[in-house]
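**Q** Sending over run.txt (compact mmCIF, C-alpha atoms).
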```txt
# COMPACT_ATOMS: atom_id res chain seq x y z
CA MET W 91 3.98 17.95 -25.72
CA SER W 92 7.59 18.93 -26.34
CA GLU W 93 8.07 20.65 -22.99
CA ALA W 94 6.13 19.24 -20.08
CA PRO W 95 5.65 21.48 -17.05
CA GLU W 96 8.05 20.62 -14.24
CA LEU W 97 6.77 18.49 -11.42
CA THR W 98 6.40 20.18 -8.04
CA ASP W 99 9.00 19.11 -5.49
CA SER W 100 6.39 17.04 -3.69
CA GLU W 101 5.29 15.27 -6.80
CA ALA W 102 8.84 14.70 -8.03
CA PHE W 103 9.67 13.11 -4.66
CA ALA W 104 6.55 10.96 -4.87
CA ALA W 105 7.45 9.86 -8.41
CA GLU W 106 11.02 9.06 -7.38
CA HIS W 107 9.73 6.97 -4.50
CA ALA W 108 7.42 5.07 -6.83
CA LEU W 109 10.25 4.56 -9.31
CA GLY W 110 12.57 3.33 -6.55
CA VAL W 111 15.59 5.59 -7.02
CA LEU W 112 15.67 7.04 -3.51
CA SER W 113 18.27 6.11 -0.91
CA ALA W 114 17.22 4.15 2.16
CA ALA W 115 16.95 7.30 4.29
CA GLU W 116 14.90 9.10 1.64
CA ARG W 117 12.62 6.09 1.25
CA ARG W 118 11.86 6.15 4.96
CA GLN W 119 11.18 9.85 4.72
CA ALA W 120 8.80 9.23 1.83
CA GLU W 121 7.00 6.48 3.78
CA ALA W 122 6.60 8.83 6.73
CA ARG W 123 5.18 11.54 4.50
CA MET W 124 2.75 9.08 2.97
CA ALA W 125 1.44 8.36 6.43
CA ALA W 126 1.19 11.96 7.52
CA GLU W 127 0.03 13.61 4.31
CA PRO W 128 -2.86 11.94 2.50
CA GLU W 129 -2.26 14.17 -0.53
CA PHE W 130 1.30 12.95 -0.79
CA ALA W 131 0.18 9.33 -0.43
CA VAL W 132 -2.20 9.85 -3.34
CA LEU W 133 0.64 11.24 -5.45
CA VAL W 134 2.75 8.15 -4.74
CA ASP W 135 -0.19 5.83 -5.44
CA ASN W 136 -0.84 7.55 -8.74
CA TRP W 137 2.79 7.26 -9.75
CA ARG W 138 2.88 3.58 -8.84
CA GLU W 139 -0.20 3.10 -10.96
CA ARG W 140 1.52 4.95 -13.83
CA LEU W 141 4.81 3.07 -13.66
CA ILE W 142 3.81 -0.46 -12.69
CA PRO W 143 2.61 -1.29 -16.23
CA MET W 144 6.32 -1.36 -17.12
CA ALA W 145 6.47 -4.64 -15.20
CA ASP W 146 3.83 -6.05 -17.53
CA THR W 147 6.32 -5.90 -20.37
CA LEU W 148 8.37 -8.57 -18.61
CA ALA W 149 7.51 -12.04 -19.83
CA SER W 150 5.94 -14.10 -17.03
CA ILE W 151 8.17 -16.72 -15.46
CA PRO W 152 6.33 -19.50 -13.63
CA ALA W 153 7.51 -19.92 -10.07
CA PRO W 154 8.60 -23.44 -9.08
CA HIS W 155 5.76 -25.66 -8.05
CA ALA W 156 7.08 -26.30 -4.56
CA LEU W 157 6.96 -22.62 -3.73
CA TRP W 158 3.24 -22.58 -3.11
CA LEU W 159 3.65 -25.39 -0.56
CA ARG W 160 6.31 -23.37 1.22
CA ILE W 161 4.03 -20.35 1.26
CA GLU W 162 1.08 -22.36 2.52
CA ARG W 163 3.12 -23.79 5.37
CA SER W 164 4.16 -20.33 6.52
CA LEU W 165 0.70 -18.75 6.45
CA GLY W 166 -0.39 -19.33 10.03
CA ALA W 167 -3.62 -17.72 11.10
CA ASN W 168 -4.94 -14.74 9.23
CA ASP W 169 -5.48 -12.03 11.80
CA ASN W 170 -7.85 -10.22 9.45
CA ALA W 171 -10.24 -13.14 9.58
CA ALA W 172 -10.16 -13.05 13.35
CA SER W 173 -10.96 -9.35 13.58
CA VAL W 174 -13.68 -9.61 10.94
CA LYS W 175 -15.33 -12.30 13.02
CA GLY W 176 -15.10 -10.09 16.08
CA LEU W 177 -16.65 -7.22 14.21
CA ARG W 178 -19.54 -9.32 12.94
CA PHE W 179 -20.20 -10.12 16.56
CA TRP W 180 -20.16 -6.39 17.27
CA ARG W 181 -22.63 -5.77 14.48
CA GLY W 182 -24.90 -8.44 15.88
CA ALA W 183 -25.03 -6.70 19.21
CA THR W 184 -28.05 -4.48 19.69
CA VAL W 185 -27.59 -0.80 20.39
CA GLY W 186 -28.77 -1.38 23.94
CA SER W 187 -26.15 -3.96 24.82
CA LEU W 188 -23.24 -1.60 24.91
CA THR W 189 -21.23 -3.65 27.36
CA LEU W 190 -21.43 -6.66 25.13
CA ALA W 191 -20.54 -4.60 22.11
CA ALA W 192 -17.57 -2.99 23.82
CA ALA W 193 -16.38 -6.41 24.93
CA SER W 194 -16.51 -7.72 21.39
CA LEU W 195 -14.53 -4.78 20.08
CA ALA W 196 -12.01 -5.38 22.81
CA ALA W 197 -11.80 -8.96 21.63
CA ALA W 198 -11.26 -7.72 18.08
CA VAL W 199 -8.49 -5.50 19.33
CA LEU W 200 -6.82 -8.38 21.13
CA LEU W 201 -7.08 -10.58 18.08
CA ALA W 202 -5.79 -7.82 15.87
CA ASN W 203 -2.80 -7.31 18.10
CA GLN W 204 -0.41 -9.49 16.16
CA PRO W 205 2.48 -7.47 14.77
CA PRO W 206 2.45 -6.66 11.08
CA VAL W 207 4.84 -8.59 8.87
CA VAL W 208 6.25 -5.64 6.99
CA ILE W 209 8.08 -3.49 9.45
CA GLN W 210 10.07 -0.58 8.14
CA PRO W 211 12.71 0.70 10.53
CA PRO W 212 10.56 3.12 12.55
CA PRO W 213 11.44 6.79 12.23
CA ALA W 214 11.92 8.91 15.35
CA GLY W 215 8.67 8.70 17.32
CA GLN W 216 6.13 6.21 16.13
CA LEU W 217 4.06 6.94 13.08
CA LEU W 218 0.90 4.91 12.91
CA ASP W 219 -1.79 4.56 10.35
CA ALA W 220 -5.13 2.87 9.93
CA SER W 221 -7.65 2.34 7.20
CA LEU W 222 -11.19 2.22 8.57
CA VAL W 223 -13.38 -0.03 6.49
CA SER W 224 -17.14 -0.22 6.26
CA GLN W 225 -18.90 -2.76 8.43
CA THR W 226 -21.80 -3.48 6.13
CA GLY W 227 -21.63 -4.85 2.60
CA ALA W 228 -18.26 -5.21 0.90
CA PRO W 229 -15.40 -3.85 2.99
CA VAL W 230 -14.75 -0.39 1.58
CA PRO W 231 -12.40 2.07 3.24
CA LEU W 232 -14.40 5.01 4.55
CA PHE W 233 -11.77 6.82 6.61
CA ILE W 234 -8.00 6.94 6.57
CA ALA W 235 -6.14 7.94 9.70
CA ALA W 236 -2.50 8.62 10.43
CA TYR W 237 -0.95 9.54 13.76
CA ASP W 238 1.94 11.98 13.58
CA PRO W 239 3.92 11.88 16.87
CA THR W 240 5.89 15.03 16.10
CA ARG W 241 2.70 17.07 15.85
CA LYS W 242 0.86 14.92 18.40
CA ALA W 243 -2.01 14.95 15.96
CA LEU W 244 -4.24 12.41 14.34
CA ILE W 245 -4.83 13.26 10.69
CA VAL W 246 -8.08 11.77 9.49
CA THR W 247 -9.52 11.84 6.00
CA SER W 248 -13.19 11.07 5.50
CA LEU W 249 -13.95 9.45 2.15
CA VAL W 250 -17.68 9.73 2.77
CA THR W 251 -19.64 11.80 0.28
CA PRO W 252 -20.85 14.98 1.99
CA GLY W 253 -24.56 15.66 2.32
CA ASN W 254 -25.74 12.03 2.31
CA ASP W 255 -27.04 11.95 5.84
CA PRO W 256 -27.42 15.43 7.36
CA ALA W 257 -29.32 14.01 10.35
CA HIS W 258 -26.21 12.27 11.73
CA VAL W 259 -22.55 12.97 12.37
CA HIS W 260 -19.51 10.66 12.26
CA GLU W 261 -17.79 10.40 15.61
CA LEU W 262 -14.30 8.93 15.86
CA TRP W 263 -13.28 6.69 18.77
CA VAL W 264 -10.09 5.00 19.81
CA ILE W 265 -10.37 1.67 21.58
CA PRO W 266 -7.01 0.76 23.13
CA ALA W 267 -6.09 -2.59 24.64
CA ASP W 268 -8.31 -2.03 27.70
CA GLY W 269 -11.33 -2.13 25.42
CA LYS W 270 -12.79 1.17 26.64
CA PRO W 271 -13.74 3.54 23.81
CA ARG W 272 -12.50 7.14 24.07
CA PRO W 273 -14.11 9.81 21.91
CA LEU W 274 -11.71 11.69 19.63
CA GLY W 275 -14.06 14.06 17.86
CA ILE W 276 -16.45 14.58 15.01
CA LEU W 277 -15.35 14.05 11.40
CA GLN W 278 -16.51 16.16 8.47
CA PRO W 279 -17.67 14.12 5.44
CA GLY W 280 -15.20 14.39 2.57
CA LYS W 281 -12.71 16.46 4.57
CA THR W 282 -9.31 15.92 6.12
CA VAL W 283 -8.91 17.11 9.68
CA ALA W 284 -5.85 17.26 11.90
CA MET W 285 -6.99 16.48 15.44
CA PRO W 286 -4.52 17.53 18.13
CA MET W 287 -4.30 14.80 20.76
CA PRO W 288 -4.12 15.69 24.46
CA ASP W 289 -1.31 13.97 26.39
CA SER W 290 -3.86 11.90 28.28
CA LEU W 291 -4.82 10.14 25.04
CA LEU W 292 -1.32 9.49 23.73
CA PRO W 293 -0.92 6.08 25.43
CA SER W 294 -4.11 4.96 23.65
CA LEU W 295 -2.66 5.76 20.26
CA ALA W 296 -0.54 2.65 19.98
CA ALA W 297 -0.13 -0.02 17.36
CA GLY W 298 -2.97 -2.50 17.76
CA SER W 299 -5.47 0.01 19.11
CA ALA W 300 -8.69 0.12 17.11
CA LEU W 301 -10.20 3.22 15.60
CA ALA W 302 -13.92 3.16 15.06
CA VAL W 303 -16.45 5.60 13.66
CA SER W 304 -20.02 5.61 14.92
CA LEU W 305 -23.10 7.31 13.57
CA GLU W 306 -24.36 9.75 16.17
CA PRO W 307 -26.93 12.54 16.54
CA PRO W 308 -25.60 16.03 15.76
CA GLY W 309 -23.16 17.05 18.47
CA GLY W 310 -21.93 13.52 18.98
CA SER W 311 -22.72 10.63 21.28
CA PRO W 312 -24.75 11.70 24.33
CA LYS W 313 -22.50 9.35 26.32
CA ILE W 314 -18.90 10.34 26.89
CA ASP W 315 -17.56 6.83 27.15
CA ALA W 316 -19.45 4.92 24.50
CA PRO W 317 -20.94 5.25 21.04
CA THR W 318 -24.75 5.13 20.95
CA GLY W 319 -25.23 4.69 17.24
CA PRO W 320 -24.12 1.92 14.87
CA ILE W 321 -20.43 1.50 14.08
CA THR W 322 -19.91 2.30 10.42
CA ALA W 323 -16.18 1.71 10.06
CA VAL W 324 -13.37 0.09 12.01
CA GLY W 325 -9.63 -0.18 11.51
CA LYS W 326 -6.61 -0.87 13.62
CA LEU W 327 -3.59 1.33 14.08
CA ALA W 328 -0.40 -0.20 12.76
CA LYS W 329 3.19 0.92 12.67
CA ILE W 330 4.22 2.15 9.30
CA MET U 5 -7.95 -24.39 -13.68
CA ALA U 6 -9.64 -21.10 -14.33
CA VAL U 7 -7.33 -18.25 -13.44
CA ALA U 8 -8.73 -14.92 -12.34
CA THR U 9 -7.43 -12.25 -14.66
CA THR U 10 -9.56 -9.13 -14.77
CA PRO U 11 -8.95 -6.37 -12.21
CA GLU U 12 -12.47 -6.99 -10.92
CA ASP U 13 -11.76 -10.72 -10.43
CA LEU U 14 -8.62 -9.87 -8.52
CA ALA U 15 -10.39 -7.30 -6.35
CA GLN U 16 -13.02 -9.92 -5.51
CA LEU U 17 -10.28 -12.35 -4.57
CA MET U 18 -8.66 -9.79 -2.28
CA THR U 19 -11.91 -9.40 -0.37
CA ARG U 20 -11.97 -13.15 0.17
CA VAL U 21 -8.29 -13.23 1.13
CA ALA U 22 -8.99 -10.51 3.69
CA SER U 23 -11.65 -12.68 5.27
CA GLY U 24 -9.18 -15.53 5.63
CA GLU U 25 -9.93 -17.79 2.68
CA ARG U 26 -6.83 -19.77 1.78
CA ALA U 27 -8.33 -20.96 -1.48
CA ALA U 28 -8.65 -17.32 -2.54
CA LEU U 29 -4.97 -16.70 -1.79
CA ARG U 30 -4.11 -19.75 -3.87
CA GLN U 31 -6.12 -18.34 -6.77
CA LEU U 32 -4.43 -14.97 -6.39
CA TYR U 33 -1.08 -16.77 -6.39
CA ASP U 34 -1.98 -18.66 -9.56
CA ALA U 35 -3.06 -15.45 -11.25
CA THR U 36 -0.14 -13.24 -10.25
CA SER U 37 2.93 -15.23 -9.16
CA ALA U 38 4.51 -15.70 -12.59
CA LYS U 39 4.42 -11.95 -13.14
CA LEU U 40 5.79 -11.18 -9.70
CA PHE U 41 8.47 -13.85 -10.05
CA ALA U 42 9.62 -12.14 -13.26
CA VAL U 43 9.74 -8.80 -11.44
CA CYS U 44 11.80 -10.26 -8.57
CA LEU U 45 14.15 -12.12 -10.88
CA ARG U 46 14.71 -9.00 -12.93
CA ILE U 47 15.73 -7.06 -9.83
CA LEU U 48 17.65 -9.79 -8.01
CA SER U 49 18.87 -12.01 -10.87
CA ASP U 50 18.94 -14.87 -8.41
CA ARG U 51 16.30 -17.60 -8.38
CA GLU U 52 16.68 -18.63 -4.80
CA GLU U 53 16.45 -15.12 -3.45
CA SER U 54 13.54 -14.38 -5.76
CA GLU U 55 11.68 -17.40 -4.40
CA ASP U 56 12.30 -16.20 -0.86
CA VAL U 57 10.97 -12.77 -1.75
CA LEU U 58 7.94 -14.24 -3.46
CA GLN U 59 7.17 -16.26 -0.36
CA GLU U 60 7.43 -13.12 1.77
CA VAL U 61 5.17 -11.27 -0.66
CA TYR U 62 2.29 -13.75 -0.45
CA VAL U 63 2.59 -14.13 3.30
CA THR U 64 2.45 -10.33 3.51
CA VAL U 65 -0.58 -10.23 1.22
CA TRP U 66 -2.26 -12.84 3.42
CA ARG U 67 -1.63 -11.02 6.66
CA ARG U 68 -2.14 -7.51 5.34
CA ALA U 69 -5.00 -8.01 2.93
CA ASP U 70 -7.06 -5.59 5.03
CA ARG U 71 -4.60 -2.90 3.99
CA PHE U 72 -5.57 -3.27 0.37
CA ASP U 73 -7.64 -0.31 -0.70
CA ALA U 74 -9.35 -0.71 -4.05
CA SER U 75 -9.97 3.02 -4.26
CA ARG U 76 -6.21 3.67 -4.16
CA ALA U 77 -4.72 1.02 -6.40
CA SER U 78 -5.49 -2.04 -8.45
CA VAL U 79 -4.61 -5.42 -6.97
CA MET U 80 -1.88 -5.90 -9.56
CA THR U 81 -0.29 -2.56 -8.66
CA TRP U 82 -0.54 -3.35 -4.97
CA VAL U 83 1.05 -6.78 -5.13
CA SER U 84 3.66 -5.66 -7.68
CA THR U 85 4.61 -2.75 -5.42
CA ILE U 86 5.05 -5.11 -2.47
CA ALA U 87 7.16 -7.44 -4.61
CA ARG U 88 9.32 -4.64 -5.98
CA ASN U 89 9.84 -3.11 -2.54
CA ARG U 90 10.79 -6.44 -0.98
CA ALA U 91 13.12 -7.29 -3.85
CA ILE U 92 14.74 -3.87 -3.69
CA ASP U 93 15.18 -4.22 0.10
CA ARG U 94 16.85 -7.56 -0.48
CA LEU U 95 19.06 -6.15 -3.20
CA ARG U 96 20.20 -3.26 -1.06
CA ALA U 97 20.87 -5.54 1.89
CA ARG U 98 23.66 -7.07 -0.19
CA GLY U 99 25.67 -3.91 0.29
CA PRO U 100 25.55 -0.22 -0.44
CA LEU U 101 26.73 -0.41 -4.02
CA ALA U 102 26.50 -4.09 -4.79
CA TYR U 103 24.01 -3.17 -7.44
CA ALA U 104 26.10 -0.52 -9.09
CA ASP U 105 27.49 -2.89 -11.67
CA GLN U 106 25.18 -4.16 -14.29
CA ILE U 107 24.91 -7.89 -14.65
CA GLU U 108 24.96 -8.62 -18.35
CA ASP U 109 24.47 -12.36 -18.59
CA LEU U 110 20.88 -12.48 -17.48
CA GLU U 111 18.74 -15.32 -18.65
CA ILE U 112 15.82 -13.03 -18.07
CA PRO U 113 14.44 -10.86 -20.84
CA ASP U 114 15.25 -7.19 -20.40
CA GLY U 115 12.78 -4.33 -20.25
CA SER U 116 12.03 -4.43 -23.94
CA ILE U 117 8.48 -5.25 -24.76
CA SER U 118 7.58 -8.93 -24.92
CA ALA U 119 5.37 -10.64 -27.46
CA GLU U 120 2.84 -11.13 -24.72
CA ALA U 121 2.76 -7.43 -24.00
CA LEU U 122 2.43 -6.56 -27.68
CA LEU U 123 -0.91 -8.33 -27.68
CA VAL U 124 -2.23 -5.79 -25.23
CA THR U 125 -0.77 -2.58 -26.58
CA ALA U 126 -4.19 -0.99 -26.29
CA GLY U 127 -3.92 -1.34 -22.53
CA GLU U 128 -2.07 0.67 -19.91
CA GLU U 129 1.29 -0.97 -20.55
CA GLY U 130 0.99 -0.21 -24.25
CA ARG U 131 0.34 3.43 -23.47
CA LEU U 132 3.21 3.63 -21.02
CA HIS U 133 5.50 1.92 -23.49
CA ARG U 134 4.59 4.42 -26.20
CA CYS U 135 5.12 7.34 -23.83
CA LEU U 136 8.48 5.96 -22.68
CA SER U 137 9.62 5.64 -26.26
CA GLU U 138 8.78 9.30 -26.84
CA LEU U 139 11.50 10.24 -24.36
CA ASP U 140 15.04 10.65 -25.60
CA ASP U 141 16.87 7.32 -25.63
CA ARG U 142 19.13 8.11 -22.71
CA THR U 143 16.29 9.17 -20.41
CA GLU U 144 14.20 6.17 -21.40
CA LYS U 145 17.07 3.84 -20.62
CA VAL U 146 17.76 5.46 -17.26
CA ILE U 147 14.12 5.27 -16.19
CA ARG U 148 13.77 1.66 -17.31
CA THR U 149 17.01 0.70 -15.59
CA ALA U 150 15.91 2.41 -12.38
CA PHE U 151 12.58 0.63 -12.45
CA PHE U 152 13.77 -2.83 -13.40
CA GLU U 153 16.96 -3.01 -11.44
CA GLY U 154 15.93 -1.11 -8.35
CA VAL U 155 18.98 1.10 -8.43
CA THR U 156 19.27 4.41 -6.60
CA TYR U 157 20.28 7.73 -8.10
CA GLU U 158 23.65 7.22 -6.53
CA ALA U 159 24.19 3.86 -8.19
CA LEU U 160 22.88 5.17 -11.51
CA ALA U 161 25.28 8.11 -11.38
CA ARG U 162 28.19 5.81 -10.64
CA ARG U 163 27.20 3.40 -13.37
CA LEU U 164 26.79 6.15 -15.94
CA ASP U 165 29.84 8.00 -14.65
CA THR U 166 27.72 11.15 -14.57
CA PRO U 167 27.19 13.66 -11.74
CA LEU U 168 24.30 12.74 -9.48
CA GLY U 169 22.55 16.08 -10.05
CA THR U 170 22.57 15.51 -13.79
CA VAL U 171 21.07 12.03 -13.53
CA LYS U 172 18.47 13.39 -11.15
CA SER U 173 17.41 16.12 -13.55
CA TRP U 174 17.21 13.66 -16.47
CA VAL U 175 14.91 11.44 -14.45
CA ARG U 176 12.76 14.28 -13.12
CA ARG U 177 12.33 15.81 -16.56
CA GLY U 178 11.59 12.40 -18.01
CA LEU U 179 8.96 11.70 -15.37
CA ALA U 180 7.31 15.08 -16.00
CA LYS U 181 7.10 14.28 -19.72
CA LEU U 182 5.75 10.83 -19.01
CA LYS U 183 3.01 12.29 -16.88
CA GLY U 184 2.06 14.72 -19.64
CA CYS U 185 2.04 11.99 -22.26
CA LEU U 186 0.02 9.57 -20.13
CA ALA U 187 -2.56 12.25 -19.39
CA GLN U 188 -3.30 12.74 -23.08
```
Could you render the structure as structure tokens?

**A**
Amino acid sequence: MSEAPELTDSEAFAAEHALGVLSAAERRQAEARMAAEPEFAVLVDNWRERLIPMADTLASIPAPHALWLRIERSLGANDNAASVKGLRFWRGATVGSLTLAAASLAAAVLLANQPPVVIQPPPAGQLLDASLVSQTGAPVPLFIAAYDPTRKALIVTSLVTPGNDPAHVHELWVIPADGKPRPLGILQPGKTVAMPMPDSLLPSLAAGSALAVSLEPPGGSPKIDAPTGPITAVGKLAKI
Amino acid sequence: MAVATTPEDLAQLMTRVASGERAALRQLYDATSAKLFAVCLRILSDREESEDVLQEVYVTVWRRADRFDASRASVMTWVSTIARNRAIDRLRARGPLAYADQIEDLEIPDGSISAEALLVTAGEEGRLHRCLSELDDRTEKVIRTAFFEGVTYEALARRLDTPLGTVKSWVRRGLAKLKGCLAQ
């Protein structure tokens, strides 16, 4: 292994971001790319995973005892818990009671509306991302979405294994603050799609809006304004 | 008190943190804070600031637990990355090149392997350590310094009194070799 092949520019940039040698402007650029390009995000993740073990060589240093008390005092409510509760309510709703179900999702959206703690200085336009997690069993991410304002496109990666359920399709919805679901399109299992967003939908693609995926008959929901099948994954859009 | 240690334990805890269980966050804190405190101290070399960062880290973990994605990273990598990023932000907020000069009189052990880590040389950190030591000494030192002190290329170049492009190519070549070695 005397001469390793050079890293591609993309991968070198990802590795440098993981290592932490980039300037502030470059770091922001890297964060933006992570949001817009799932492949790039994976490169960064892999490099973090490679390099973080270096930290394990540091001897542990116990934090002062009082620190936990300080942390506990500053916790406040956990907005995740609130939205999970809302979603359980959604799950409990029968397929027939769409109004009720939509109302509960709206409630989840409202509860999830608290601003995130980590706020990077936003780049020009507002990049958003969301991880859509499963609504049954352990919460597993099933879809990853990022909104790229420069392309006016939502880039969505499906992590679902193809061929599992040929009788149904995955339809993506956005539920903005008004609680009314808008259909965004059909997702392909295991694929990444860039979905151009019409101007009419742009106001809906805001931080705090929920993205949801429902299981529908081929061709998508027979209703234009509501899912008819069960919701398999939900996530909220957040600023990056 | 039993402390969760395996990656699976930690992943379980994260699920509970995400559903709003404070006791789970406390357990995660018990299992990870000493490691993260060491990381913050190494970067900031200031206890008070490191405590502030650590507080921010766990509040972030609490609020953003739904962002944790077990298919993308282990819990330890996720929380360490948050801690490093916050510490580096804090460091850089001190001024553009405040971190250009190395602080020598640290009470904190440097990046050399600790006795604790030697016990687990079969693990990931052992592998990484071996691969790092296969690099030439200068490259190894530069990569370790970058990682542990959160310094930019610019600061590294100034510190080493070497052109930025040269430092950059050392690091890039070193990272490429590391990747090759770790893949073996």

**Q** Give me the residues near range 129-146 of chain W as a count of residues only, where near means some atom within 10 Å (using all atoms listed in the file) and where sequence neighbours in that chain fewer than 3 positions away do not count.

**A** 58

**Q** Which chain W residues have any atom within 6 Å of an atom of chain U, and for each, what is the nearest pair of atoms with distance in Å to one decimal, counting all atoms listed in the file, rows sorted by chain and number, as CSV?

**A**
```
residue,atom,partner,partner_atom,distance
W:Ala94,CA,U:Lys181,CA,5.1
W:Glu96,CA,U:Ala180,CA,5.9
W:Leu97,CA,U:Ala180,CA,5.7
W:Leu109,CA,U:Phe151,CA,5.5
W:Gly110,CA,U:Gly154,CA,5.9
W:Val111,CA,U:Thr156,CA,3.9
W:Leu112,CA,U:Thr156,CA,5.4
W:Pro143,CA,U:Glu129,CA,4.5
W:Thr147,CA,U:Ile117,CA,4.9
W:Ala149,CA,U:Ser118,CA,6.0
W:Ser150,CA,U:Lys39,CA,4.7
W:Ile151,CA,U:Ala38,CA,4.8
W:Pro152,CA,U:Ala38,CA,4.3
W:Ala153,CA,U:Ala38,CA,5.8
W:Ile161,CA,U:Gln59,CA,5.4
W:Leu165,CA,U:Val63,CA,5.9
W:Asn168,CA,U:Arg67,CA,5.6
W:Asn170,CA,U:Ala22,CA,5.9
W:Ala171,CA,U:Ser23,CA,4.6
```

**Q** To one decimal place in Å, what is the distance between CA of Glu12 in chain U and CA of Thr247 in chain W?

**A**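 Atom-to-atom, CA of Glu12 in chain U and CA of Thr247 in chain W are spaced 25.5 Å apart.
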
**Q** For the point (-19.5, 1.6, 7.9) in file coordinates, what residues are within 8 Å, counting all atoms listed in the file? Give the answer as an mmCIF file with C-alpha atoms, in the frame of the given file?

**A**
```cif
data_model
loop_
_atom_site.group_PDB
_atom_site.id
_atom_site.type_symbol
_atom_site.label_atom_id
_atom_site.label_comp_id
_atom_site.auth_asym_id
_atom_site.auth_seq_id
_atom_site.Cartn_x
_atom_site.Cartn_y
_atom_site.Cartn_z
ATOM 1 C CA VAL W 223 -13.380 -0.030 6.490
ATOM 2 C CA SER W 224 -17.140 -0.220 6.260
ATOM 3 C CA GLN W 225 -18.900 -2.760 8.430
ATOM 4 C CA THR W 226 -21.800 -3.480 6.130
ATOM 5 C CA LEU W 232 -14.400 5.010 4.550
ATOM 6 C CA VAL W 303 -16.450 5.600 13.660
ATOM 7 C CA ILE W 321 -20.430 1.500 14.080
ATOM 8 C CA THR W 322 -19.910 2.300 10.420
ATOM 9 C CA ALA W 323 -16.180 1.710 10.060
ATOM 10 C CA VAL W 324 -13.370 0.090 12.010
#
```

**Q** Interatomic distance between CA of Ala302 in chain W and CA of Asp13 in chain U?

**A**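 Going from CA of Ala302 in chain W over to CA of Asp13 in chain U covers 29.1 Å.
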